[in-house]
Amino acid sequence: MCREFSTRRAQIETQLEHTGGAGLKGRAKSLAARAACLATRPAKRHVDPTTLREDGITRASAKGFGPEQAEQLLQNRHVPPPIDRDAIRQRVLGEEGVTRERATFDQGTVLRELISALPPGADVGKDELLRWTRELLEDDSIVALDGNAPAAVGPTYTTRGMLAAERRVLTLATRTSDQDFARVPIGSVMPTLLAAGLRPEQRDLAQVLLTRGRAVEVVSGPAGSGKTHGLAAAVTAWTSQGVEVRGTAVAALTAKGLQDATDAPSVSVARLLHHPDQHLPQNGVLLVDEAGMIGTHQLLRLLTGAERRDCKVVLVGDPAQLPEMEAGGAFAALTHQPHALHLGGHGRQADPWELQALLALRAGNPAAALDAYAQHDRLHLNASRDELRATLVTDYLTARREERDPWQVAVLAPHRRDVTDLNQLIRNQLLADGVLSRRSMKITTPDGTVDYRKGDQVLITRNHHDRQLLNGTRGTIRTLRRDGLVVQLTDGRRVVLDKAWLTGGDLQHGYAMTLHKAQGRTVHTSLVLADETLSQEGGYVGLSRGTTANHLYLDTATDDALRDCSPRQPAPPTAAPGSLSRALSRSARHELASDLLHDPSRPTPERSRPEGLSR
């Protein structure tokens, strides 16, 4: 009977066979199936309930299913699936459970993970769920912490496994050894450093990395402080002395950028950990870019593999930028170790006042930063969501017309839904202005129908190594063909994307993008849409992308206390930041569970450092 009445499934399977999706596996097959579902979905039509029932009886009777068979089914009670309590316990309390996203958790997190771990149809009521949650919190693997983590409801906990992983990471990253890791004579490389055109602090950084011989080096600095240029000079010197250097980063596109800047072959962290012996050089050096985005468990596996191959690791990042997607805090903690290296840096902004404003924001003083942006007409407030977005779109189009390269103007937002809205608003205006072609190609994807036009800026949203397309790759549609699109990528390549590939939904409009997509990018102008949920780190990343101008568009509609600062009721610029600082005062930075275990007080924000290399 299931097969008889699963007509939609039959249509989808036929479509998959026709498009070649039946032979796919994993996520690729899931996406193909979703696309096939949308492609074969019939238009909705009204059917009389009596007619529908009579048709069902006729079809069932033809297969030998009548009232007697229906009665037999109704007499059989549903049998709940068996529950393996030990397996569920291991899943909830394991690395992929309560400590997957944060090193610490509260009772609500345990309940959420417990519900997620139960098999569908499990006969478990509310009282039993709560009792089971309390039992899990009393498990020997759970450790109650002295302090409460931010946003925690009630007592805060962690696991012994999480604490062990943190301790092991700190031990590996701070260990000393009689062995000199990739140490080279300074006399043989100083001419290379002097000829590299570095600022004094960048040259000092390269010199320390080349001559100190530590197993793990930690380098931090503000956005635009020149960390990569210092690394590139060190790579040149190491390579000239026969030392093999490789690189890695969480995002494959960031790894490619590291490779382009330093000439060190680089891959994503996931690919490196999948084939460590292939990507970790024996007695060589591994550069880890954007190290602040690597979770503790991944960092542990990376450092363990490097130790096994006597490979020096250079962790480079900025704890003031976007944090780890998984439980982390290790890199931020390592930047406070005595041997950590810090670049004071110039930053990339042309205006001195903006450099100071960003340093204030980075140091945890959003009021001073917002005051500066308000005084220079870079802060735009409105309690009307639509009016605020209209202002941003107008400003984007004005800035775009002044640029030869439209990619030099970035529209950034913390949430995907905002990115979708802004992309549509911008495209509507570009279409009205004649920038986009009237002719379009509509593709049905798992997320709905996407409209592509000649002139559209587009963004790859998933790695496709077989096509040499990485998540975050940007391009402009140059040609609409019967079988697909021709896209001019920003790296100069032209690629043909066929319709079958486009149905996967991995090509989106790229006028606006999330803050995570923007980290590591440098543009001329950055326009950041935000509300009071914007974190200090997210604000810092967004407002530090542009060299010429950075603007903040703050939606005050969700906070009544901010309404008086809207353009409808203007307030003096210096009055606005006192209230607005709430939009940037919440830190999203991860912290180690072991810090709460030993010290319940909150860590003080990192203060701005003077220009120059410091330890």
# chains A, B, ... in the order shown; residues from 1 in each chain; ligands from 1
$ residues_around --residues "Leu129 of chain A" --least-positions-apart "5" --cutoff "8 Å" --atoms "only C-alpha atoms" --output "list in words"
Leu111, Leu114, Ile115 and Val124 of chain A
$ residues_around --residues "Arg438 of chain A" --least-positions-apart "6" --cutoff "10 Å" --atoms "only C-alpha atoms" --output "PyMOL selection string"
chain A and resi 431-432+453-454
$ select_by_dssp --residues "segment 118-241 of chain A" --states "strand (DSSP E or B)" --output "list in words"
Ile142, Val143, Ala144, Tyr157, Thr158, Thr159, Val216, Glu217, Val218, Val219 and Ser220 of chain A
$ closest_residue --among "A:Ile426, A:Val409, A:Val218, A:Ala530" --to "Ala518 of chain A" --atoms "only C-alpha atoms"
A:Val409
$ residues_around --residues "segment 261-274 of chain A" --least-positions-apart "5" --cutoff "7 Å" --atoms "only C-alpha atoms" --output "ChimeraX atom specification"
/A:231-232,235,245-252,255-256,279,302
$ residues_around --residues "segment 83-89 of chain A" --least-positions-apart "3" --cutoff "9 Å" --atoms "only C-alpha atoms" --output "list in words"
Pro80, Val92, Leu93, Gly94, Leu114, Ala117, Leu118, Pro119, Ala122 and Leu136 of chain A
$ residues_around --residues "segment 519-523 of chain A" --least-positions-apart "2" --cutoff "7 Å" --atoms "only C-alpha atoms" --output "mmCIF file with N, CA, C and O atoms, in the first residue's frame"
data_model
loop_
_atom_site.group_PDB
_atom_site.id
_atom_site.type_symbol
_atom_site.label_atom_id
_atom_site.label_comp_id
_atom_site.auth_asym_id
_atom_site.auth_seq_id
_atom_site.Cartn_x
_atom_site.Cartn_y
_atom_site.Cartn_z
ATOM 1 N N GLN A 408 34.501 45.770 -4.986
ATOM 2 C CA GLN A 408 35.175 46.572 -3.967
ATOM 3 C C GLN A 408 34.185 47.227 -3.004
ATOM 4 O O GLN A 408 34.584 47.941 -2.090
ATOM 5 N N VAL A 409 32.903 46.998 -3.213
ATOM 6 C CA VAL A 409 31.874 47.455 -2.276
ATOM 7 C C VAL A 409 31.198 46.218 -1.691
ATOM 8 O O VAL A 409 30.639 45.407 -2.432
ATOM 9 N N ALA A 410 31.268 46.053 -0.383
ATOM 10 C CA ALA A 410 30.730 44.853 0.270
ATOM 11 C C ALA A 410 29.556 45.219 1.162
ATOM 12 O O ALA A 410 29.634 46.154 1.970
ATOM 13 N N LEU A 515 28.885 37.870 7.522
ATOM 14 C CA LEU A 515 30.156 38.306 8.093
ATOM 15 C C LEU A 515 31.192 37.193 8.037
ATOM 16 O O LEU A 515 32.387 37.453 7.853
ATOM 17 N N HIS A 516 30.755 35.942 8.188
ATOM 18 C CA HIS A 516 31.694 34.824 8.122
ATOM 19 C C HIS A 516 32.317 34.714 6.725
ATOM 20 O O HIS A 516 33.500 34.394 6.597
ATOM 21 N N LYS A 517 31.504 34.962 5.689
ATOM 22 C CA LYS A 517 32.036 34.928 4.332
ATOM 23 C C LYS A 517 33.040 36.058 4.097
ATOM 24 O O LYS A 517 33.942 35.950 3.273
ATOM 25 N N THR A 525 34.986 49.761 0.324
ATOM 26 C CA THR A 525 33.860 50.238 1.124
ATOM 27 C C THR A 525 33.080 49.060 1.684
ATOM 28 O O THR A 525 32.761 48.112 0.957
ATOM 29 N N SER A 526 32.768 49.126 2.959
ATOM 30 C CA SER A 526 31.990 48.073 3.621
ATOM 31 C C SER A 526 30.747 48.692 4.239
ATOM 32 O O SER A 526 30.839 49.695 4.956
ATOM 33 N N VAL A 541 34.783 42.660 12.716
ATOM 34 C CA VAL A 541 35.083 42.082 11.413
ATOM 35 C C VAL A 541 34.450 42.913 10.301
ATOM 36 O O VAL A 541 35.098 43.274 9.310
ATOM 37 N N ARG A 545 36.703 45.757 7.229
ATOM 38 C CA ARG A 545 36.943 45.246 5.867
ATOM 39 C C ARG A 545 37.351 46.352 4.903
ATOM 40 O O ARG A 545 38.140 46.119 3.992
ATOM 41 N N GLY A 546 36.787 47.546 5.059
ATOM 42 C CA GLY A 546 36.973 48.595 4.070
ATOM 43 C C GLY A 546 38.192 49.466 4.340
ATOM 44 O O GLY A 546 38.445 49.858 5.486
ATOM 45 N N THR A 547 38.935 49.786 3.301
ATOM 46 C CA THR A 547 40.093 50.665 3.439
ATOM 47 C C THR A 547 39.699 52.131 3.384
ATOM 48 O O THR A 547 40.316 52.979 4.039
#
$ residues_around --residues "segment 174-184 of chain A" --least-positions-apart "6" --cutoff "8 Å" --atoms "only C-alpha atoms" --output "ChimeraX atom specification"
/A:210-216,238,241,243,283-285,310-312
$ write_last_selection --atoms "N, CA, C and O atoms" --output "PDB file, in the first residue's frame"
ATOM      1  N   LEU A 210      61.873  32.476  12.518  1.00  0.00           N
ATOM      2  CA  LEU A 210      62.954  31.740  11.869  1.00  0.00           C
ATOM      3  C   LEU A 210      64.023  31.266  12.852  1.00  0.00           C
ATOM      4  O   LEU A 210      64.657  30.235  12.630  1.00  0.00           O
ATOM      5  N   THR A 211      64.229  32.006  13.922  1.00  0.00           N
ATOM      6  CA  THR A 211      65.399  31.742  14.765  1.00  0.00           C
ATOM      7  C   THR A 211      65.097  31.202  16.155  1.00  0.00           C
ATOM      8  O   THR A 211      66.007  30.713  16.822  1.00  0.00           O
ATOM      9  N   ARG A 212      63.840  31.262  16.613  1.00  0.00           N
ATOM     10  CA  ARG A 212      63.588  30.861  17.999  1.00  0.00           C
ATOM     11  C   ARG A 212      63.511  29.359  18.155  1.00  0.00           C
ATOM     12  O   ARG A 212      63.844  28.822  19.222  1.00  0.00           O
ATOM     13  N   GLY A 213      63.046  28.628  17.154  1.00  0.00           N
ATOM     14  CA  GLY A 213      63.077  27.173  17.204  1.00  0.00           C
ATOM     15  C   GLY A 213      62.034  26.522  18.088  1.00  0.00           C
ATOM     16  O   GLY A 213      62.160  25.338  18.429  1.00  0.00           O
ATOM     17  N   ARG A 214      60.972  27.251  18.474  1.00  0.00           N
ATOM     18  CA  ARG A 214      59.920  26.649  19.291  1.00  0.00           C
ATOM     19  C   ARG A 214      59.060  25.705  18.445  1.00  0.00           C
ATOM     20  O   ARG A 214      58.894  25.907  17.241  1.00  0.00           O
ATOM     21  N   ALA A 215      58.464  24.710  19.096  1.00  0.00           N
ATOM     22  CA  ALA A 215      57.619  23.750  18.387  1.00  0.00           C
ATOM     23  C   ALA A 215      56.342  24.404  17.899  1.00  0.00           C
ATOM     24  O   ALA A 215      55.847  24.097  16.810  1.00  0.00           O
ATOM     25  N   VAL A 216      55.787  25.319  18.688  1.00  0.00           N
ATOM     26  CA  VAL A 216      54.545  26.005  18.329  1.00  0.00           C
ATOM     27  C   VAL A 216      54.716  27.490  18.603  1.00  0.00           C
ATOM     28  O   VAL A 216      55.114  27.891  19.699  1.00  0.00           O
ATOM     29  N   TRP A 238      62.673  30.195   4.900  1.00  0.00           N
ATOM     30  CA  TRP A 238      62.686  28.752   5.219  1.00  0.00           C
ATOM     31  C   TRP A 238      62.936  27.936   3.946  1.00  0.00           C
ATOM     32  O   TRP A 238      63.753  27.012   3.944  1.00  0.00           O
ATOM     33  N   GLN A 241      66.362  27.649   2.712  1.00  0.00           N
ATOM     34  CA  GLN A 241      67.217  26.802   3.531  1.00  0.00           C
ATOM     35  C   GLN A 241      66.802  25.334   3.479  1.00  0.00           C
ATOM     36  O   GLN A 241      67.274  24.519   4.280  1.00  0.00           O
ATOM     37  N   VAL A 243      63.759  24.028   4.036  1.00  0.00           N
ATOM     38  CA  VAL A 243      62.699  23.644   4.964  1.00  0.00           C
ATOM     39  C   VAL A 243      61.361  23.667   4.223  1.00  0.00           C
ATOM     40  O   VAL A 243      61.008  24.680   3.615  1.00  0.00           O
ATOM     41  N   ASN A 283      59.563  17.288   9.730  1.00  0.00           N
ATOM     42  CA  ASN A 283      60.603  18.253  10.103  1.00  0.00           C
ATOM     43  C   ASN A 283      60.435  19.595   9.375  1.00  0.00           C
ATOM     44  O   ASN A 283      61.418  20.307   9.149  1.00  0.00           O
ATOM     45  N   GLY A 284      59.210  19.913   8.985  1.00  0.00           N
ATOM     46  CA  GLY A 284      58.951  21.164   8.294  1.00  0.00           C
ATOM     47  C   GLY A 284      58.175  22.141   9.147  1.00  0.00           C
ATOM     48  O   GLY A 284      58.256  22.133  10.383  1.00  0.00           O
ATOM     49  N   VAL A 285      57.376  22.987   8.465  1.00  0.00           N
ATOM     50  CA  VAL A 285      56.599  24.040   9.136  1.00  0.00           C
ATOM     51  C   VAL A 285      55.175  24.013   8.609  1.00  0.00           C
ATOM     52  O   VAL A 285      54.963  23.876   7.397  1.00  0.00           O
ATOM     53  N   ASP A 310      57.328  15.825  13.946  1.00  0.00           N
ATOM     54  CA  ASP A 310      58.341  16.829  14.289  1.00  0.00           C
ATOM     55  C   ASP A 310      58.186  18.073  13.424  1.00  0.00           C
ATOM     56  O   ASP A 310      59.160  18.636  12.906  1.00  0.00           O
ATOM     57  N   CYS A 311      56.957  18.526  13.273  1.00  0.00           N
ATOM     58  CA  CYS A 311      56.635  19.660  12.419  1.00  0.00           C
ATOM     59  C   CYS A 311      56.342  20.887  13.284  1.00  0.00           C
ATOM     60  O   CYS A 311      55.536  20.831  14.215  1.00  0.00           O
ATOM     61  N   LYS A 312      57.005  21.974  12.976  1.00  0.00           N
ATOM     62  CA  LYS A 312      56.754  23.237  13.666  1.00  0.00           C
ATOM     63  C   LYS A 312      55.395  23.787  13.230  1.00  0.00           C
ATOM     64  O   LYS A 312      55.049  23.720  12.049  1.00  0.00           O
TER      65      LYS A 312
END
$ residues_around --residues "Gly328 of chain A" --least-positions-apart "4" --cutoff "9 Å" --atoms "only C-alpha atoms" --output "list in words"
Glu101, Arg102, Ala103, Glu166, Gly292, Met293, Ile294, Gly295, Thr296, His297, Leu299, Pro323, Glu324, Ala332, Arg589, His590, Glu591 and Leu592 of chain A
$ select_by_dssp --residues "segment 33-241 of chain A" --states "helix (DSSP H, G or I)" --output "PyMOL selection string"
chain A and resi 33-39+49-62+67-75+85-93+107-117+126-137+160-174+186-194+200-211+227-240
$ closest_residue --among "A:His465, A:Arg417, A:Arg385, A:Arg378" --to "His551 of chain A" --atoms "only C-alpha atoms"
A:Arg378
$ atom_distance --atom1 "atom CA of Ala363 of chain A" --atom2 "atom CA of Phe331 of chain A"
17.0 Å
$ closest_residue --among "A:Arg493, A:Arg467, A:Lys227, A:Arg478" --to "Leu341 of chain A" --atoms "only C-alpha atoms"
A:Lys227
$ atom_distance --atom1 "atom CA of Leu253 of chain A" --atom2 "atom CA of Leu470 of chain A"
5.7 Å
$ closest_residue --among "A:Gly539, A:Pro81, A:Gly197, A:Pro185" --to "Gly364 of chain A" --atoms "only C-alpha atoms"
A:Gly539
$ atom_distance --atom1 "atom CA of Arg481 of chain A" --atom2 "atom CA of Val411 of chain A"
28.8 Å
